[in-house]
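Q: I'm passing along start.cif; it holds mmCIF, C-alpha atoms.
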data_input
loop_
_atom_site.label_atom_id
_atom_site.label_comp_id
_atom_site.auth_asym_id
_atom_site.auth_seq_id
_atom_site.Cartn_x
_atom_site.Cartn_y
_atom_site.Cartn_z
CA MET P 1 0.00 0.00 0.00
CA ALA P 2 1.39 3.40 -1.01
CA PRO P 3 2.07 5.95 1.76
CA SER P 4 -0.51 8.69 2.15
CA ASP P 5 2.01 11.34 1.08
CA ALA P 6 2.95 9.53 -2.16
CA PRO P 7 2.84 11.78 -5.23
CA ARG P 8 -0.35 11.41 -7.23
CA VAL P 9 -0.61 11.12 -11.00
CA TYR P 10 -3.59 11.51 -13.29
CA LEU P 11 -3.25 9.77 -16.67
CA GLU P 12 -5.52 10.40 -19.64
CA THR P 13 -5.30 8.62 -23.00
CA PHE P 14 -6.02 9.80 -26.53
CA GLY P 15 -5.84 7.60 -29.63
CA CYS P 16 -5.72 3.93 -30.47
CA GLN P 17 -5.42 0.65 -28.58
CA MET P 18 -1.63 0.96 -28.76
CA ASN P 19 -1.93 4.13 -26.70
CA GLU P 20 -4.20 2.38 -24.19
CA ALA P 21 -1.61 -0.37 -23.80
CA ASP P 22 1.18 2.20 -23.45
CA SER P 23 -0.81 4.04 -20.77
CA ALA P 24 -0.99 0.82 -18.77
CA LEU P 25 2.78 0.48 -19.14
CA ILE P 26 3.33 4.09 -18.04
CA ALA P 27 1.05 3.57 -15.04
CA GLY P 28 2.97 0.43 -14.08
CA ARG P 29 6.33 2.19 -14.23
CA LEU P 30 5.04 5.12 -12.19
CA ARG P 31 3.55 2.77 -9.60
CA GLU P 32 6.94 1.11 -9.22
CA GLY P 33 8.44 4.59 -8.89
CA GLY P 34 6.22 5.37 -5.90
CA TYR P 35 3.38 7.21 -7.61
CA VAL P 36 -0.30 6.68 -6.92
CA ARG P 37 -2.79 6.93 -9.78
CA VAL P 38 -5.88 9.05 -9.18
CA ALA P 39 -9.06 9.41 -11.21
CA ASP P 40 -9.50 13.16 -10.65
CA PRO P 41 -6.98 15.64 -12.11
CA GLY P 42 -7.88 18.01 -9.30
CA GLU P 43 -6.24 15.61 -6.85
CA ALA P 44 -3.05 15.13 -8.86
CA ASP P 45 0.50 16.39 -8.49
CA VAL P 46 1.22 15.29 -12.05
CA VAL P 47 -1.10 15.21 -15.07
CA LEU P 48 0.01 13.17 -18.09
CA ILE P 49 -1.80 13.07 -21.42
CA ASN P 50 -0.79 10.07 -23.55
CA THR P 51 -1.20 11.26 -27.09
CA CYS P 52 -1.76 10.36 -30.73
CA ALA P 53 -0.39 12.26 -33.74
CA ILE P 54 -2.23 10.45 -36.52
CA ARG P 55 -4.61 13.31 -37.30
CA GLU P 56 -4.36 17.06 -36.97
CA LYS P 57 -7.50 17.35 -34.84
CA ALA P 58 -5.99 14.97 -32.29
CA GLU P 59 -3.15 17.44 -31.69
CA ASP P 60 -5.58 20.32 -31.36
CA ARG P 61 -7.65 18.32 -28.87
CA VAL P 62 -4.60 17.47 -26.75
CA ILE P 63 -3.32 21.06 -26.67
CA GLY P 64 -6.83 22.21 -25.79
CA ARG P 65 -7.14 19.58 -23.07
CA THR P 66 -3.84 20.51 -21.42
CA SER P 67 -4.95 24.16 -21.47
CA GLN P 68 -8.16 23.17 -19.69
CA LEU P 69 -6.15 21.33 -17.04
CA LEU P 70 -4.26 24.53 -16.23
CA MET P 71 -7.20 25.46 -14.00
CA HIS P 72 -5.90 23.00 -11.40
CA ARG P 73 -2.77 25.11 -10.90
CA ARG P 74 -4.97 27.57 -9.04
CA SER P 75 -5.12 25.13 -6.14
CA ASN P 76 -1.79 23.44 -6.87
CA PRO P 77 0.76 25.88 -8.36
CA ASP P 78 3.37 23.09 -8.57
CA LEU P 79 1.20 20.86 -10.75
CA VAL P 80 3.26 19.27 -13.53
CA ILE P 81 1.50 18.90 -16.90
CA GLY P 82 3.15 16.56 -19.38
CA ILE P 83 2.50 14.78 -22.65
CA THR P 84 3.70 11.35 -23.67
CA GLY P 85 3.39 9.27 -26.81
CA CYS P 86 3.36 9.92 -30.54
CA MET P 87 2.42 13.58 -30.41
CA ALA P 88 5.22 14.23 -27.94
CA GLU P 89 7.79 12.89 -30.40
CA HIS P 90 6.11 14.58 -33.38
CA LEU P 91 5.94 18.07 -31.89
CA LYS P 92 9.17 18.04 -29.85
CA SER P 93 10.47 21.60 -29.85
CA LYS P 94 7.12 23.06 -30.91
CA VAL P 95 5.56 22.24 -27.54
CA ALA P 96 7.30 25.10 -25.77
CA GLU P 97 5.84 27.52 -28.31
CA ARG P 98 2.34 26.06 -28.65
CA ALA P 99 1.85 25.09 -24.99
CA PRO P 100 4.48 26.56 -22.64
CA HIS P 101 2.57 25.19 -19.65
CA ILE P 102 3.71 21.67 -20.66
CA THR P 103 6.97 20.93 -18.85
CA LEU P 104 7.38 17.22 -19.60
CA VAL P 105 7.56 15.69 -23.09
CA ALA P 106 8.25 11.93 -23.31
CA GLY P 107 8.17 9.92 -26.54
CA PRO P 108 7.01 6.32 -27.05
CA ASP P 109 10.45 4.84 -26.26
CA SER P 110 10.94 6.80 -23.01
CA TYR P 111 8.54 4.93 -20.76
CA ARG P 112 11.10 2.68 -19.08
CA GLY P 113 12.44 5.75 -17.28
CA ILE P 114 9.17 7.70 -17.01
CA ALA P 115 9.22 7.88 -13.19
CA GLU P 116 12.65 9.54 -13.24
CA LEU P 117 11.53 11.97 -15.96
CA VAL P 118 8.48 12.92 -13.90
CA ASP P 119 10.65 13.38 -10.80
CA ARG P 120 12.87 15.80 -12.72
CA ALA P 121 9.85 17.78 -13.94
CA ARG P 122 8.51 17.99 -10.40
CA HIS P 123 11.80 19.56 -9.35
CA GLY P 124 11.35 22.38 -11.82
CA GLU P 125 13.20 21.06 -14.85
CA ARG P 126 11.72 21.29 -18.36
CA VAL P 127 12.16 17.69 -19.57
CA VAL P 128 12.15 16.53 -23.18
CA ASP P 129 13.04 12.90 -23.99
CA VAL P 130 11.84 11.75 -27.40
CA LYS P 131 14.76 9.58 -28.56
CA LEU P 132 13.70 6.54 -30.56
CA ASP P 133 15.24 3.23 -29.51
CA LYS P 134 15.65 0.57 -32.20
CA ALA P 135 15.64 -2.22 -29.61
CA GLU P 136 13.10 -1.10 -26.98
CA VAL P 137 10.12 -3.47 -26.64
CA TYR P 138 9.67 -3.04 -22.84
CA GLU P 139 10.41 -6.67 -22.10
CA GLY P 140 9.86 -7.77 -18.52
CA LEU P 141 7.90 -4.73 -17.35
CA SER P 142 4.53 -4.93 -15.63
CA GLU P 143 1.51 -2.83 -16.53
CA ALA P 144 -1.25 -1.24 -14.46
CA PRO P 145 -4.25 -1.18 -16.80
CA GLN P 146 -7.54 0.53 -16.09
CA ASP P 147 -9.87 -1.57 -18.19
CA ASP P 148 -12.86 -3.86 -17.82
CA GLY P 149 -10.81 -6.75 -16.41
CA VAL P 150 -12.19 -9.01 -19.14
CA SER P 151 -10.40 -8.05 -22.36
CA ALA P 152 -6.71 -7.12 -22.27
CA PHE P 153 -4.36 -5.49 -24.74
CA VAL P 154 -0.97 -7.15 -25.25
CA THR P 155 1.55 -5.38 -27.45
CA VAL P 156 3.48 -7.81 -29.67
CA GLN P 157 5.07 -5.38 -32.13
CA ARG P 158 6.25 -1.78 -32.08
CA GLY P 159 6.97 0.62 -34.90
CA CYS P 160 6.29 0.38 -38.63
CA ASP P 161 8.37 -0.15 -41.77
CA LYS P 162 5.70 0.61 -44.36
CA PHE P 163 6.18 4.39 -44.72
CA CYS P 164 2.80 5.13 -46.28
CA THR P 165 3.07 8.67 -47.61
CA PHE P 166 0.35 10.05 -45.30
CA CYS P 167 1.42 8.41 -42.04
CA VAL P 168 3.58 9.72 -39.19
CA VAL P 169 3.93 6.40 -37.33
CA PRO P 170 7.38 5.37 -38.66
CA PHE P 171 8.66 8.80 -37.62
CA THR P 172 7.00 8.87 -34.18
CA ARG P 173 7.33 5.19 -33.21
CA GLY P 174 10.35 4.06 -35.21
CA ARG P 175 10.93 0.91 -37.23
CA GLU P 176 9.24 -2.45 -36.71
CA ARG P 177 10.51 -4.69 -33.94
CA GLY P 178 8.78 -7.77 -32.58
CA VAL P 179 8.42 -8.47 -28.88
CA PRO P 180 10.09 -11.81 -28.06
CA PRO P 181 7.55 -14.67 -27.98
CA ARG P 182 8.52 -15.54 -24.40
CA GLU P 183 7.59 -12.00 -23.35
CA VAL P 184 4.28 -12.10 -25.21
CA LEU P 185 3.41 -15.40 -23.56
CA ARG P 186 4.47 -14.10 -20.13
CA ALA P 187 2.13 -11.15 -20.57
CA VAL P 188 -0.77 -13.31 -21.80
CA ARG P 189 -0.34 -15.80 -18.94
CA ALA P 190 -0.30 -12.90 -16.47
CA ARG P 191 -3.59 -11.63 -17.90
CA ALA P 192 -5.10 -15.11 -17.68
CA ALA P 193 -3.96 -15.43 -14.05
CA ALA P 194 -5.61 -12.06 -13.34
CA GLY P 195 -8.94 -13.37 -14.66
CA TYR P 196 -9.00 -11.90 -18.16
CA ARG P 197 -10.87 -14.01 -20.71
CA GLU P 198 -9.78 -12.29 -23.93
CA VAL P 199 -6.54 -10.83 -25.27
CA VAL P 200 -6.10 -8.43 -28.17
CA LEU P 201 -2.65 -8.67 -29.73
CA LEU P 202 -1.46 -5.23 -30.82
CA GLY P 203 0.93 -3.94 -33.45
CA GLN P 204 1.00 -1.12 -35.96
CA THR P 205 1.14 -3.83 -38.63
CA VAL P 206 0.59 -6.76 -36.34
CA ASN P 207 0.62 -9.53 -38.95
CA SER P 208 4.07 -8.34 -40.08
CA TYR P 209 5.32 -9.62 -36.69
CA ARG P 210 8.61 -11.47 -36.70
CA HIS P 211 11.09 -12.25 -33.99
CA GLU P 212 14.01 -14.35 -35.17
CA ASP P 213 12.37 -17.39 -36.81
CA VAL P 214 8.88 -16.85 -35.33
CA GLY P 215 6.18 -15.26 -37.48
CA PHE P 216 2.70 -14.09 -36.52
CA ALA P 217 0.99 -17.39 -37.36
CA GLU P 218 3.30 -19.24 -34.98
CA LEU P 219 2.83 -16.60 -32.29
CA LEU P 220 -0.95 -16.84 -32.64
CA ALA P 221 -0.79 -20.63 -32.21
CA ALA P 222 1.36 -20.28 -29.08
CA VAL P 223 -1.01 -17.75 -27.49
CA HIS P 224 -3.88 -20.11 -28.32
CA GLU P 225 -2.41 -22.67 -25.91
CA VAL P 226 -2.58 -20.40 -22.86
CA GLU P 227 -5.18 -21.77 -20.44
CA GLY P 228 -7.82 -19.36 -19.19
CA ILE P 229 -7.84 -17.20 -22.32
CA GLU P 230 -10.98 -18.01 -24.29
CA ARG P 231 -10.84 -15.43 -27.07
CA ILE P 232 -8.03 -13.95 -29.16
CA ARG P 233 -8.19 -10.94 -31.45
CA PHE P 234 -5.49 -8.91 -33.16
CA THR P 235 -5.19 -5.42 -34.68
CA SER P 236 -4.25 -3.85 -36.99
CA PRO P 237 -3.01 -6.16 -39.73
CA TYR P 238 -1.54 -4.86 -42.97
CA PRO P 239 -3.11 -6.18 -46.20
CA VAL P 240 0.12 -7.26 -47.90
CA ASP P 241 1.32 -9.41 -45.01
CA PHE P 242 -1.44 -12.03 -44.76
CA SER P 243 0.47 -15.26 -45.29
CA ASP P 244 -1.13 -18.59 -46.14
CA ALA P 245 0.09 -19.81 -42.73
CA LEU P 246 -1.78 -17.00 -40.98
CA LEU P 247 -4.99 -17.63 -42.91
CA HIS P 248 -4.73 -21.31 -42.03
CA ALA P 249 -4.15 -20.50 -38.35
CA MET P 250 -7.16 -18.18 -38.28
CA GLY P 251 -9.33 -20.93 -39.74
CA ARG P 252 -8.18 -23.77 -37.49
CA LEU P 253 -7.71 -22.08 -34.09
CA PRO P 254 -11.13 -21.83 -32.40
CA LYS P 255 -10.08 -19.17 -29.89
CA VAL P 256 -9.18 -16.77 -32.71
CA MET P 257 -12.34 -14.77 -33.26
CA PRO P 258 -13.91 -14.49 -36.75
CA GLN P 259 -13.31 -10.75 -37.03
CA VAL P 260 -10.55 -8.67 -38.60
CA HIS P 261 -9.89 -4.97 -38.97
CA LEU P 262 -8.48 -4.64 -42.50
CA PRO P 263 -7.54 -1.07 -43.49
CA ALA P 264 -8.37 -0.36 -47.15
CA GLN P 265 -7.89 3.45 -47.11
CA SER P 266 -9.09 3.82 -50.73
CA GLY P 267 -10.71 1.88 -53.54
CA SER P 268 -8.65 3.62 -56.24
CA ASN P 269 -5.41 2.12 -57.52
CA ALA P 270 -4.09 5.57 -58.36
CA VAL P 271 -4.72 6.83 -54.83
CA LEU P 272 -3.29 3.66 -53.27
CA GLU P 273 -0.15 4.16 -55.35
CA ARG P 274 0.17 7.79 -54.20
CA MET P 275 -0.28 6.54 -50.65
CA ARG P 276 2.40 3.85 -51.23
CA ARG P 277 0.18 1.23 -49.67
CA GLY P 278 1.87 -1.59 -51.55
CA TYR P 279 -1.30 -3.25 -52.84
CA THR P 280 -3.97 -2.68 -55.46
CA ARG P 281 -7.74 -2.76 -55.31
CA GLU P 282 -7.61 -6.17 -57.01
CA HIS P 283 -5.17 -7.51 -54.40
CA PHE P 284 -7.41 -6.23 -51.61
CA LEU P 285 -10.50 -7.88 -53.13
CA GLU P 286 -8.60 -11.14 -53.51
CA LEU P 287 -7.45 -10.98 -49.88
CA VAL P 288 -11.00 -10.46 -48.64
CA ALA P 289 -12.13 -13.46 -50.70
CA ARG P 290 -9.34 -15.57 -49.15
CA LEU P 291 -10.28 -14.40 -45.64
CA ARG P 292 -13.94 -15.20 -46.19
CA GLU P 293 -13.02 -18.63 -47.52
CA ALA P 294 -10.65 -19.38 -44.62
CA VAL P 295 -13.04 -18.06 -41.94
CA PRO P 296 -16.66 -18.38 -43.09
CA GLY P 297 -18.82 -15.60 -41.65
CA ILE P 298 -15.85 -13.41 -40.74
CA ALA P 299 -16.72 -9.82 -39.84
CA LEU P 300 -14.63 -7.12 -41.49
CA SER P 301 -14.03 -3.55 -40.39
CA THR P 302 -11.80 -1.10 -42.21
CA ASP P 303 -10.23 2.36 -42.39
CA LEU P 304 -11.28 4.70 -45.21
CA MET P 305 -9.68 8.03 -46.05
CA VAL P 306 -11.20 10.67 -48.33
CA GLY P 307 -9.60 13.72 -49.87
CA PHE P 308 -6.04 12.45 -50.14
CA CYS P 309 -3.72 14.52 -52.32
CA GLY P 310 -4.98 14.70 -55.90
CA GLU P 311 -8.10 12.59 -55.28
CA THR P 312 -10.57 13.10 -58.14
CA GLU P 313 -14.32 12.53 -58.14
CA ASP P 314 -13.79 9.30 -60.07
CA GLU P 315 -11.22 8.07 -57.53
CA HIS P 316 -13.63 8.89 -54.70
CA ALA P 317 -16.36 6.99 -56.55
CA GLN P 318 -14.06 3.96 -56.68
CA THR P 319 -13.89 3.97 -52.88
CA LEU P 320 -17.70 4.01 -52.72
CA SER P 321 -17.85 1.13 -55.19
CA LEU P 322 -15.33 -0.88 -53.14
CA MET P 323 -17.57 -0.37 -50.12
CA GLU P 324 -20.59 -1.57 -52.10
CA GLU P 325 -18.73 -4.62 -53.32
CA LEU P 326 -17.33 -5.71 -49.95
CA ARG P 327 -19.95 -4.32 -47.53
CA PHE P 328 -17.79 -3.90 -44.45
CA ASP P 329 -19.49 -4.49 -41.12
CA SER P 330 -18.07 -1.25 -39.74
CA ALA P 331 -15.44 1.36 -40.55
CA PHE P 332 -13.34 4.22 -39.22
CA MET P 333 -13.72 7.06 -41.72
CA PHE P 334 -11.82 10.33 -41.89
CA ALA P 335 -10.57 13.06 -44.20
CA TYR P 336 -6.90 13.47 -45.05
CA SER P 337 -4.99 16.08 -43.07
CA ASP P 338 -1.43 17.28 -43.62
CA ARG P 339 0.84 15.88 -40.87
CA GLY P 340 3.89 18.06 -41.59
CA ILE P 341 6.69 15.47 -41.50
CA THR P 342 5.32 12.88 -43.95
CA TYR P 343 6.25 12.36 -47.59
CA ALA P 344 2.81 13.59 -48.65
CA ALA P 345 3.23 16.79 -46.64
CA LYS P 346 6.61 17.47 -48.19
CA ARG P 347 6.17 16.24 -51.78
CA LEU P 348 2.45 16.14 -52.61
CA GLU P 349 -0.10 18.91 -52.73
CA ASP P 350 -3.04 18.89 -50.33
CA ASP P 351 -5.25 20.16 -53.14
CA VAL P 352 -8.71 18.80 -52.32
CA PRO P 353 -10.81 21.67 -50.92
CA GLU P 354 -12.05 21.25 -47.35
CA ALA P 355 -15.66 21.53 -48.48
CA THR P 356 -15.10 18.69 -50.95
CA LYS P 357 -13.44 16.55 -48.27
CA LYS P 358 -16.39 17.16 -45.97
CA ARG P 359 -18.92 16.22 -48.63
CA ARG P 360 -17.02 13.06 -49.62
CA LEU P 361 -16.66 12.03 -45.99
CA SER P 362 -20.42 12.46 -45.51
CA GLU P 363 -21.05 10.21 -48.50
CA VAL P 364 -18.74 7.51 -47.15
CA ILE P 365 -20.28 7.71 -43.68
CA GLU P 366 -23.83 7.54 -45.03
CA LEU P 367 -23.05 4.47 -47.13
CA GLN P 368 -21.23 2.71 -44.30
CA GLU P 369 -24.08 3.36 -41.89
CA ARG P 370 -26.39 1.56 -44.29
CA HIS P 371 -24.01 -1.38 -44.46
CA THR P 372 -23.60 -1.47 -40.66
CA ARG P 373 -27.37 -1.45 -40.16
CA ALA P 374 -27.70 -4.29 -42.65
CA SER P 375 -24.96 -6.23 -40.84
CA HIS P 376 -26.88 -5.88 -37.58
CA GLU P 377 -30.19 -6.79 -39.17
CA ARG P 378 -28.69 -10.05 -40.43
CA GLU P 379 -28.03 -10.99 -36.80
CA LEU P 380 -31.71 -10.79 -35.78
CA GLY P 381 -32.97 -14.15 -34.56
CA ARG P 382 -29.51 -15.71 -34.57
CA GLU P 383 -27.88 -17.40 -31.61
CA ALA P 384 -24.49 -16.21 -30.40
CA THR P 385 -22.02 -16.66 -27.55
CA VAL P 386 -21.49 -13.31 -25.83
CA LEU P 387 -18.57 -12.40 -23.58
CA ILE P 388 -19.97 -10.04 -20.92
CA THR P 389 -17.63 -7.11 -20.28
CA GLY P 390 -19.63 -5.09 -17.74
CA PRO P 391 -22.57 -2.73 -17.24
CA SER P 392 -23.68 -0.21 -19.84
CA ARG P 393 -22.93 3.48 -19.30
CA ARG P 394 -26.43 4.08 -17.95
CA GLY P 395 -26.20 1.00 -15.75
CA ASP P 396 -29.52 -0.43 -16.92
CA ARG P 397 -28.05 -3.19 -19.13
CA LEU P 398 -25.06 -5.47 -19.38
CA VAL P 399 -22.72 -5.11 -22.34
CA GLY P 400 -20.90 -7.84 -24.18
CA LYS P 401 -19.34 -8.80 -27.50
CA THR P 402 -20.17 -11.55 -29.96
CA PRO P 403 -17.35 -13.47 -31.68
CA ARG P 404 -17.90 -11.18 -34.69
CA PHE P 405 -17.34 -8.17 -32.39
CA HIS P 406 -20.90 -6.90 -32.39
CA LYS P 407 -21.76 -4.98 -29.24
CA VAL P 408 -24.68 -6.63 -27.43
CA LEU P 409 -26.95 -5.25 -24.69
CA LEU P 410 -28.31 -7.82 -22.25
CA PRO P 411 -30.69 -7.65 -19.28
CA LEU P 412 -29.19 -7.13 -15.85
CA GLY P 413 -28.80 -10.50 -14.19
CA ALA P 414 -27.85 -12.27 -17.41
CA GLY P 415 -24.39 -12.93 -15.99
CA ARG P 416 -21.27 -11.36 -14.60
CA PRO P 417 -18.32 -9.69 -16.32
CA GLY P 418 -16.18 -12.44 -17.83
CA ASP P 419 -19.06 -14.86 -18.31
CA LEU P 420 -19.67 -16.44 -21.69
CA VAL P 421 -23.43 -16.70 -22.19
CA GLU P 422 -25.58 -18.10 -24.99
CA VAL P 423 -28.07 -15.58 -26.33
CA VAL P 424 -30.62 -14.98 -29.04
CA VAL P 425 -30.44 -11.62 -30.82
CA THR P 426 -33.81 -9.86 -30.56
CA GLY P 427 -33.22 -6.35 -31.93
CA SER P 428 -30.83 -3.66 -33.08
CA THR P 429 -30.36 0.06 -32.45
CA GLY P 430 -28.13 0.47 -35.49
CA HIS P 431 -24.99 0.56 -33.34
CA SER P 432 -25.76 -2.21 -30.83
CA LEU P 433 -27.67 -5.45 -30.73
CA HIS P 434 -30.23 -6.42 -28.09
CA ALA P 435 -30.40 -10.01 -26.93
CA ARG P 436 -31.94 -12.35 -24.36
CA LEU P 437 -30.49 -15.48 -22.80
CA ARG P 438 -31.17 -18.57 -24.85
CA ALA P 439 -33.77 -20.77 -23.18
#
Could you spell out this file's structure in structure tokens?
A:
Amino acid sequence: MAPSDAPRVYLETFGCQMNEADSALIAGRLREGGYVRVADPGEADVVLINTCAIREKAEDRVIGRTSQLLMHRRSNPDLVIGITGCMAEHLKSKVAERAPHITLVAGPDSYRGIAELVDRARHGERVVDVKLDKAEVYEGLSEAPQDDGVSAFVTVQRGCDKFCTFCVVPFTRGRERGVPPREVLRAVRARAAAGYREVVLLGQTVNSYRHEDVGFAELLAAVHEVEGIERIRFTSPYPVDFSDALLHAMGRLPKVMPQVHLPAQSGSNAVLERMRRGYTREHFLELVARLREAVPGIALSTDLMVGFCGETEDEHAQTLSLMEELRFDSAFMFAYSDRGITYAAKRLEDDVPEATKKRRLSEVIELQERHTRASHERELGREATVLITGPSRRGDRLVGKTPRFHKVLLPLGAGRPGDLVEVVVTGSTGHSLHARLRA
């Protein structure tokens, strides 16, 4: 038990699952350094915002959020406000100009020493540590997650080698490096011992995983053998790195859920080439066919970007036609924004007007909402096994996930978090399913 005078830290996370996993790592290192995590920034001696730099609005949100948190210096003039993660590395020297109230900047490879960095900031030093480490995978460190206690993130790969022209990740997180299999299995066994029922294996291009002679298919099979873990998911794979071995593993390993997030970005070959995605529309269609053959009934989500440099109306229409042809179950959809340090920012012209981007994004969202509603309607009357994760936000229902990753609302009393229950789907709200226990 921490002493009552232990320094208190408030940690807030922006961005993807990788950031959530990194926040748990940061919290674990701070706990070992004598810090106590609190849920209210007004009670904290240190406020850390773990950040994402993928989109411009994310940066604006983080700067705005740290400005809001300045109010707590009225009661605690010594409050340290810091940022960690991708945005910290991306902005570096700009932080002092854009947000002088931020006195700690720590990049994604600085977490091993985060407690020491925070100590230095608390003693009045302006601390910036954004060095990338080609070998850092945080082996052997414990995390302190704040999650539902049912589904856990386990990072298996860091960095990215793809260098898509629009993406900052290789610059903010460095090159690809796989976490040793022994470390992945240690982490998964620890989650199982703590009562988790599901693990989500994380990597920027997770199916590109390799450590010495172990590829992702072999890693998936090893994780499958861990007792206590009933469900396995992974995100986000890269389309060009789906090997036959991986497809076979997905089809034969029952704990691997029939659901994949498969980023398409665009349906136009010309746009995909400008993005340097490394695949064509035809390759993507063939991959989806192979996935659906290997895992019948697999649910597919995707990423779609509109308004990339030079995108014409015909190229935008090709994205809409790809959506019509494949009918994704869900999607993350966004408009291109200039990220400053990417190839596209330096060599291509961001020439699609904002009004056009907005209109194209609306068209993509409208079409995807139709497809998502249709996906949910196909579930009506079907039986499914739901993993209960906890109560709904309003507390009047239980929430769970089907194997195909549909969110399901159940009556209170249907089970407890971590239970696997058999249900019949009775309705849909468009974003969630309603179900009752199977008689």
Q: Set the distance at 12 Å and use all atoms listed in the file: which residues neighbour P:Val226 once local chain neighbours fewer than 4 positions away are removed? I'd like the list as a PyMOL selection string.
A: chain P and resi 184-193+196-199+219-222+230-232+255
Q: Please tell me which residues are no farther than 12 Å from (-24.9, -9.9, -45.4) in the file, counting all atoms listed in the file, and write them as a short mmCIF file (atom, residue, chain, number, x, y, z; two decimals) with C-alpha atoms, keeping the file's coordinate frame.
A:
data_model
loop_
_atom_site.label_atom_id
_atom_site.label_comp_id
_atom_site.auth_asym_id
_atom_site.auth_seq_id
_atom_site.Cartn_x
_atom_site.Cartn_y
_atom_site.Cartn_z
CA GLY P 297 -18.82 -15.60 -41.65
CA ILE P 298 -15.85 -13.41 -40.74
CA ALA P 299 -16.72 -9.82 -39.84
CA LEU P 300 -14.63 -7.12 -41.49
CA GLU P 324 -20.59 -1.57 -52.10
CA GLU P 325 -18.73 -4.62 -53.32
CA LEU P 326 -17.33 -5.71 -49.95
CA ARG P 327 -19.95 -4.32 -47.53
CA PHE P 328 -17.79 -3.90 -44.45
CA ASP P 329 -19.49 -4.49 -41.12
CA ARG P 370 -26.39 1.56 -44.29
CA HIS P 371 -24.01 -1.38 -44.46
CA THR P 372 -23.60 -1.47 -40.66
CA ARG P 373 -27.37 -1.45 -40.16
CA ALA P 374 -27.70 -4.29 -42.65
CA SER P 375 -24.96 -6.23 -40.84
CA HIS P 376 -26.88 -5.88 -37.58
CA GLU P 377 -30.19 -6.79 -39.17
CA ARG P 378 -28.69 -10.05 -40.43
CA GLU P 379 -28.03 -10.99 -36.80
CA LEU P 380 -31.71 -10.79 -35.78
#
Q: P:Met18, P:Val240, P:Leu141, P:Met305: which is nearest P:Glu282, counting all atoms listed in the file?
A: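 Under the stated criterion, the closest residue is P:Val240.
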Q: Can you list every residue of stretch 102-158 of chain P that has an atom at most 12 Å from stretch 393-417 of chain P, with its nearest atom pair and the distance in Å to one decimal, using only C-alpha atoms, ordered by chain then number, as JSON lines?
A:
{"residue": "P:Asp147", "atom": "CA", "partner": "P:Pro417", "partner_atom": "CA", "distance": 11.9}
{"residue": "P:Asp148", "atom": "CA", "partner": "P:Pro417", "partner_atom": "CA", "distance": 8.1}
{"residue": "P:Gly149", "atom": "CA", "partner": "P:Pro417", "partner_atom": "CA", "distance": 8.1}
{"residue": "P:Val150", "atom": "CA", "partner": "P:Pro417", "partner_atom": "CA", "distance": 6.8}
{"residue": "P:Ser151", "atom": "CA", "partner": "P:Pro417", "partner_atom": "CA", "distance": 10.1}
Q: Can you spell out as an MDAnalysis selection string the set of residues that the PyMOL selection byres ((chain P and resi 206) around 12) selects in the structure I just provided?
A: chainID P and resid 18 154:161 176:179 200:205 207:210 215:217 219:220 233:242 246 260:262
Q: I'd like the interatomic distance between atom CA of P:Gln68 and atom CA of P:Asn19, to a tenth of an Å.
A: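 According to the coordinates, atom CA of P:Gln68 and atom CA of P:Asn19 are separated by 21.2 Å.
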Q: Identify the residues around (-15.1, 4.8, -38.9) within a radius of 9 Å, measuring from all atoms listed in the file in the coordinates stated by the file, and give them as a list in words.
A: Ser301, Thr302, Asp303, Leu304, Ser330, Ala331, Phe332, Met333, Phe334, Ile365 and Gln368 of chain P
Q: May I ask for the distance between atom CA of P:Val62 and atom CA of P:Ile83, given in Å to one decimal place?
A: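 We find that atom CA of P:Val62 and atom CA of P:Ile83 lie 8.6 Å from each other.
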Q: As an exercise, work out the distance from atom CA of P:Asp338 to atom CA of P:Asp350 in Å and give it to one decimal place.
A: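 Computing it gives 7.1 Å between the two atoms.
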Q: Just so the selection is clear, what residues does the PyMOL selection byres ((chain P and resi 316) around 12) cover here, as a PyMOL selection string?
A: chain P and resi 265-272+304-315+317-323+335+352+356-357+359-364
Q: Could you put an axis-aligned box around every listed atom of stretch 408-418 of chain P, padded by 6 Å on each side, and send me its centre and edge lengths in Å to one decimal, as lines of an AutoDock Vina configuration file?
A:
center_x = -23.4
center_y = -9.1
center_z = -20.8
size_x = 26.5
size_y = 19.7
size_z = 25.2
Q: How close does each residue of stretch 65-129 of chain P get to stretch 26-38 of chain P, giving the shortest atom pair and distance in Å to one decimal for every residue with an atom at most 7 Å away, counting all atoms listed in the file, sorted by chain and residue number, as CSV?
A:
residue,atom,partner,partner_atom,distance
P:Tyr111,CA,P:Ile26,CA,5.9
P:Arg112,CA,P:Arg29,CA,6.8
P:Ile114,CA,P:Arg29,CA,6.8
P:Ala115,CA,P:Leu30,CA,5.1
Q: Please save C-alpha atoms of the selected residues as a PDB file, in the frame of the given file.
A:
ATOM      1  CA  TYR P 111       8.540   4.930 -20.760  1.00  0.00           C
ATOM      2  CA  ARG P 112      11.100   2.680 -19.080  1.00  0.00           C
ATOM      3  CA  ILE P 114       9.170   7.700 -17.010  1.00  0.00           C
ATOM      4  CA  ALA P 115       9.220   7.880 -13.190  1.00  0.00           C
TER       5      ALA P 115
END
Q: Excluding P:Ala88 and its own-chain neighbours fewer than 4 positions away, which residues fall within 10 Å of it when counting all atoms listed in the file? Please give them as a list in words.
A: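 Final neighbour list, sorted by chain and number: Ile49, Asn50, Thr51, Cys52, Ala53, Glu59, Gly82, Ile83, Thr84, Lys92, Ser93, Lys94, Val95, Leu104, Val105, Ala106, Gly107, Pro108, Val128, Asp129, Val130 and Thr172 of chain P.
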